[in-house]
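S.K.: Take this structure, written in C-alpha cells, and hold onto it; I'll ask about it next.
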Amino acid sequence: MSSPAHAIYSSTLSLSLQGHEFQPQYGVQLIFNKTAQRLLLCVAACRQNPSCRTFDYDSSSHRCRLFEADLTNGAITVMASQTSIVGSVILSASLYASMYNQSCSACQESRYQTCSSTTNTCQCPGHSYWNGSMCPLQLFANATCSQIDACRSDLNLSCIINYYGGFAQCLTVLTTSSTETVYAVWNTTAGSDSNFASNGVDVGKYYPGEGPGNVCDRNTSTKFTSFGGCNGSLAYSPTCPQNTGFYLTLQRGASVLVAFRFATANSFPPRDPLMITIEGSNSNSTELTRGSSWTLLYNGSCGISTNQTRFTYAPIQWLPQHSALYASYRFLVNLAINNGTLIPTIQYSEVELLGY
Ligand SMILES: [Ca+2]
C-alpha cells in the first residue's frame with residue numbers, strides 16, 4: 001500500500017461489527033481498492049484521503065476499499081463471511097463551524113474543508129456542498145435535492161425547482177448541445193404517423209434558416225419556425241400552423257424525461273406555442289415514423305404565458321409520471337397562444353429536455 005506524502009488528517013471513525021461490507025450506490029464512489037496487511041493500515045489509508053468517508057476491510061483477503069460515500073448514498077450490508085468490517089468517518093457540525101469561509105490557515109491539513117484558490121477561504125471539498133452547517137456529499141441523478149448546488153455539478157446535474165417553487169430533483173439536460181439530429185414534422189398529432197416537414201416557405205415547410213436544428217442548440221436567439229398547413233405569405237389563419245413539431249433520438253441513449261421547458265423566440269407572441277403533446281419511443285429509426293411506435297407521456301401546456309418576454313424560458317413543466325426510459329422523444333404543438341388571431345407560423349427558440 002502506498003504512503004501518501006501529506007500529513008495524516010485528524011478524524012474519528014466508527015467501526016461496524018465483523019461480518020459487514022459497504023455497498024455504494026454508484027461504482028464511481030469506490031476511490032481506492034488495494035490490499036493492506038492489517039486493518040490499521042486500511043484505517044490509515046482512509047484517514048490520509050480526505051475524500052474517504054467510508055472504508056471496508058477484509059482480514060482474510062486483505063482487501064482494503066475506500067469510498068467517497070456515506071450512508072446517504074450507500075449501505076452497510078451483512079456478509080456470510082465474518083472477516084469483513086466497515087468503518088465510517090464520523091462527521092458533525094462542530095468540525096466545520098470553526099473554518100467555513102475563514103481564511104485558509106483555518107483549514108490547513110483539515111480533511112473537512114479545502115482552501116479555495118479564488119477566494120482564499122476554506123470551502124467544502126469537491127463533490128460536496130455547504131448546507132449551512134456541514135459539507136454533505138453532492139447527490140446523483142434523480143435524487144431529491146434541497147438547494148441549488150446539492151447535485152453533482154461534475155456530472156452536469158442541477159437541482160431543478162418543482163411546481164411549488166421548491167428544489168426537487170437532480171436532473172441534467174438530456175440533449176448533447178447540437179449533435180442530435182432533430183426531424184421536423186407537420187400535419188402530425190399524437191399517435192399518428194409523422195409527416196416530415198422540409199425547408200421552404202409553403203405548406204409543410206419550416207422557414208429557411210429556422211429549421212429543427214435550432215430547437216436544442218441551447219441558444220435562444222435561434223428558432224424553429226413551422227408553417228404547418230399555412231402557405232407562407234398568402235394566407236394567415238388561427239389554426240393552420242398547428243400540429244407541427246419535431247422528434248429526436250438522444251445521443252446519450254435511453255433516458256427518463258422528467259421535465260422540460262420551452263423558450264420564446266423573437267417575433268410576435270401570438271405565434272408562441274401553448275398546448276403540446278410529448279411522446280416517447282424506443283423504436284429504431286425507420287419505425288419511428290409510425291405513430292404506433294410512440295407512447296403519449298404528456299398532453300398539456302408548454303408553459304409559455306401570454307405576451308411572455310421574447311428570448312426567455314418559460315417555467316419548467318413536469319411530466320405527470322416519469323419512470324420509463326425512452327431513446328426518442330416527439331414534441332407536437334396542437335395549439336398556439338394566438339387566441340383566435342391570424343398567424344402564419346408557430347415559432348419557439350428552445351426546448352430543453354430535463355431528466356436522467
Ligand atoms: Ca435555439
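By order of appearance in the C-alpha cells: chains A, B, ..., then residues from 1 within every chain, and ligands from 1 in the order shown.
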Among range 73-203 of chain A, which residues does DSSP mark as helix (DSSP H, G or I) when it is run on the backbone? Keep the chain and numbering as in the structure and answer as an MDAnalysis selection string.

M.R.: chainID A and resid 93:97 104:107 153:155

S.K.: Restrict the selected residues to C-alpha atoms and save them as a CSV table (one decimal), in the first residue's frame.

M.R.:
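out-v2.csv, written as the output of this step:
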```csv
chain,number,residue,atom,x,y,z
A,93,ALA,CA,-21.3,20.4,12.5
A,94,SER,CA,-18.7,21.3,15.1
A,95,LEU,CA,-16.0,20.0,12.8
A,96,TYR,CA,-16.9,22.6,10.2
A,97,ALA,CA,-18.1,25.6,12.1
A,104,CYS,CA,-7.2,29.3,4.6
A,105,SER,CA,-5.0,29.0,7.6
A,106,ALA,CA,-8.1,27.7,9.5
A,107,CYS,CA,-8.3,24.6,7.3
A,153,SER,CA,-22.1,19.5,-10.9
A,154,ASP,CA,-19.2,17.5,-12.4
A,155,LEU,CA,-21.9,15.2,-13.9
```

S.K.: Select from chain A every residue with an atom at most 7 Å from any atom of ligand 1, then for each give the shortest pair of atoms and their distance in Å to one decimal, using only C-alpha atoms and all ligand atoms, rows by chain and rising number, as JSON lines.

M.R.:
```
{"residue": "A:Asn214", "atom": "CA", "partner": "ligand 1", "partner_atom_place_in_ligand_line": "1 (Ca)", "distance": 4.2}
{"residue": "A:Val215", "atom": "CA", "partner": "ligand 1", "partner_atom_place_in_ligand_line": "1 (Ca)", "distance": 4.8}
{"residue": "A:Cys216", "atom": "CA", "partner": "ligand 1", "partner_atom_place_in_ligand_line": "1 (Ca)", "distance": 5.8}
{"residue": "A:Asp217", "atom": "CA", "partner": "ligand 1", "partner_atom_place_in_ligand_line": "1 (Ca)", "distance": 4.9}
{"residue": "A:Arg218", "atom": "CA", "partner": "ligand 1", "partner_atom_place_in_ligand_line": "1 (Ca)", "distance": 5.5}
{"residue": "A:Asn219", "atom": "CA", "partner": "ligand 1", "partner_atom_place_in_ligand_line": "1 (Ca)", "distance": 4.1}
{"residue": "A:Thr220", "atom": "CA", "partner": "ligand 1", "partner_atom_place_in_ligand_line": "1 (Ca)", "distance": 4.6}
{"residue": "A:Ser221", "atom": "CA", "partner": "ligand 1", "partner_atom_place_in_ligand_line": "1 (Ca)", "distance": 5.9}
{"residue": "A:Thr222", "atom": "CA", "partner": "ligand 1", "partner_atom_place_in_ligand_line": "1 (Ca)", "distance": 4.0}
{"residue": "A:Lys223", "atom": "CA", "partner": "ligand 1", "partner_atom_place_in_ligand_line": "1 (Ca)", "distance": 4.9}
{"residue": "A:Ser349", "atom": "CA", "partner": "ligand 1", "partner_atom_place_in_ligand_line": "1 (Ca)", "distance": 4.3}
{"residue": "A:Glu350", "atom": "CA", "partner": "ligand 1", "partner_atom_place_in_ligand_line": "1 (Ca)", "distance": 4.6}
```

S.K.: So that I can see what lies close to range 146-148 of chain A, please list as a PyMOL selection string the residues with an atom at most 9 Å from it, counting only C-alpha atoms and leaving out residues fewer than 3 positions away in the same chain.

M.R.: chain A and resi 131+151+158-161+166-169

S.K.: Quick one: of A:Ile85, A:Leu39, A:Ala80, A:Ile90, who's nearest to Leu13 in chain A, counting only C-alpha atoms?

M.R.: A:Ile90

S.K.: Can you tell me, as a PyMOL selection string, which residues in range 25-64 of chain A count as strand (DSSP E or B) by DSSP?

M.R.: chain A and resi 30-35+54-58+63-64

S.K.: Could you take the residues named above and write them with C-alpha atoms, as a tab-separated table (two decimals), in the first residue's frame?

M.R.:
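Dumped everything to result_9.tsv:
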```
chain	number	residue	atom	x	y	z
A	30	LEU	CA	-15.12	3.48	-4.92
A	31	ILE	CA	-11.97	5.59	-4.81
A	32	PHE	CA	-9.34	3.06	-3.65
A	33	ASN	CA	-9.20	-0.74	-3.89
A	34	LYS	CA	-5.92	-2.35	-2.81
A	35	THR	CA	-4.61	-4.80	-0.27
A	54	THR	CA	-16.28	5.05	4.46
A	55	PHE	CA	-13.98	2.05	4.10
A	56	ASP	CA	-14.25	-1.70	4.41
A	57	TYR	CA	-11.50	-4.17	5.18
A	58	ASP	CA	-11.46	-7.95	4.86
A	63	ARG	CA	-8.87	-6.18	0.65
A	64	CYS	CA	-9.00	-2.51	1.67
```

S.K.: List the neighbours of Val351 in chain A out to 7 Å using only C-alpha atoms; skip same-chain residues closer than 2 positions along the sequence, and give me the result as an NGL selection string.

M.R.: :A and (215-216 or 260-263 or 353)

S.K.: I need the residue nearest Pro269 in chain A from this list: A:Ile346, A:Ala45, A:Met99, A:Leu325. Use only C-alpha atoms for the distance.

M.R.: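 Using only C-alpha atoms, the shortest distance to Pro269 in chain A belongs to A:Ile346.
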
S.K.: Between CA of Ile316 in chain A and CA of Leu296 in chain A, what is the spacing in Å?

M.R.: 18.9 Å

S.K.: Tell me, as an MDAnalysis selection string, which residues lie within 9 Å of range 224-233 of chain A, counting only C-alpha atoms; anything in the same chain fewer than 2 positions away does not count.

M.R.: chainID A and resid 184:187 197 200:215 222 235:237 239:245 265 343:350

S.K.: Counting only C-alpha atoms, which of A:Ile337, A:Ile76, A:Ala150, A:Ile276 gets nearest to Gly19 in chain A?

M.R.: A:Ile76
